[in-house]
Amino acid sequence: MFNVGDKIVYPVHGTCVIEAVEEKEILGEKKLCYILNIPQEKLHVMIPMDKAVNIGIRQVVKPEILENVLSGINLGTTDPIIFENQRWCKDINKKKFKSGDIYKGAEIIRDLTRKGQINKLDANDTNMLNNARQVFVSEVMEVKGLREEQAIRLLDEVLNS
């Protein structure tokens, strides 16, 4: 599905590069695994190939998709229950985050940013917002060829427009 050298997005960590495909023994069973380099975290991760799609790993989006996400990030409405029900908000955002879908990641950023403008975010919401921003910013950096501070500034400008 992916090849050595491909730049992909791992929902939990952001943009990474497939450095190798190796056969590893996992629980007594030999499996082919992707070896991922996650440069922003100075981390290497091994993911069994047969689990990659289920954990939301995907190709980095094309520039036109990123532009579509950025231009539409403020257009959606935030479900009012996000402001009232912490447990629901946490569960929904966790599911969106783990999907790896860039649109769902942008929704998390949009909705929690809006929520934070009304009330102080609790620790769970703050962590989710920070994680979603980090993953999104890493993809903006890759697609647009920006440094981290430039990508953060771009995201903030779009959110504030």
# chains A, B, ... in the order shown; residues from 1 in each chain; ligands from 1
>>> residues_around(residues="segment 44-59 of chain A", least_positions_apart="5", cutoff="8 Å", atoms="only C-alpha atoms", output="PyMOL selection string")
chain A and resi 6-11+31-38+98-101
>>> closest_atom_pairs(of="segment 24-74 of chain A", to="segment 103-113 of chain A", cutoff="8 Å", atoms="only C-alpha atoms", output="JSON lines")
{"residue": "A:Val69", "atom": "CA", "partner": "A:Tyr103", "partner_atom": "CA", "distance": 6.3}
{"residue": "A:Ile73", "atom": "CA", "partner": "A:Ala106", "partner_atom": "CA", "distance": 6.3}
{"residue": "A:Asn74", "atom": "CA", "partner": "A:Arg110", "partner_atom": "CA", "distance": 6.7}
>>> write_last_selection(atoms="N, CA, C and O atoms", output="tab-separated table (two decimals), in the first residue's frame")
chain	number	residue	atom	x	y	z
A	69	VAL	N	-9.45	22.55	2.75
A	69	VAL	CA	-9.62	22.45	4.21
A	69	VAL	C	-9.41	23.81	4.85
A	69	VAL	O	-10.21	24.26	5.68
A	73	ILE	N	-12.40	25.88	6.84
A	73	ILE	CA	-12.31	25.52	8.26
A	73	ILE	C	-13.30	26.30	9.13
A	73	ILE	O	-13.84	25.78	10.10
A	74	ASN	N	-13.60	27.54	8.78
A	74	ASN	CA	-14.52	28.34	9.58
A	74	ASN	C	-15.97	28.27	9.12
A	74	ASN	O	-16.84	28.87	9.74
>>> closest_residue(among="A:Gly72, A:Glu84, A:Leu27, A:Leu66", to="Val137 of chain A", atoms="only C-alpha atoms")
A:Leu66
>>> select_by_dssp(residues="chain A", states="strand (DSSP E or B)", output="MDAnalysis selection string")
chainID A and resid 7:10 14:26 29:38 43:48 58:59
>>> residues_around(residues="Val135 of chain A", least_positions_apart="3", cutoff="10 Å", atoms="only C-alpha atoms", output="JSON, numbers by chain")
{"A": [9, 10, 11, 12, 13, 14, 15, 97, 100, 102, 105, 130, 131, 132, 138, 139, 140]}
>>> atom_distance(atom1="atom CA of Met1 of chain A", atom2="atom CA of Asp91 of chain A")
29.6 Å
>>> atom_distance(atom1="atom CA of Val4 of chain A", atom2="atom CA of Glu22 of chain A")
10.5 Å
>>> atom_distance(atom1="atom CA of Phe83 of chain A", atom2="atom CA of Asn119 of chain A")
8.5 Å
>>> residues_around(residues="Lys62 of chain A", least_positions_apart="4", cutoff="10 Å", atoms="only C-alpha atoms", output="ChimeraX atom specification")
/A:66-67,143-144
>>> closest_residue(among="A:Val60, A:Arg87, A:Arg133, A:Asn68", to="Ile152 of chain A", atoms="only C-alpha atoms")
A:Arg133
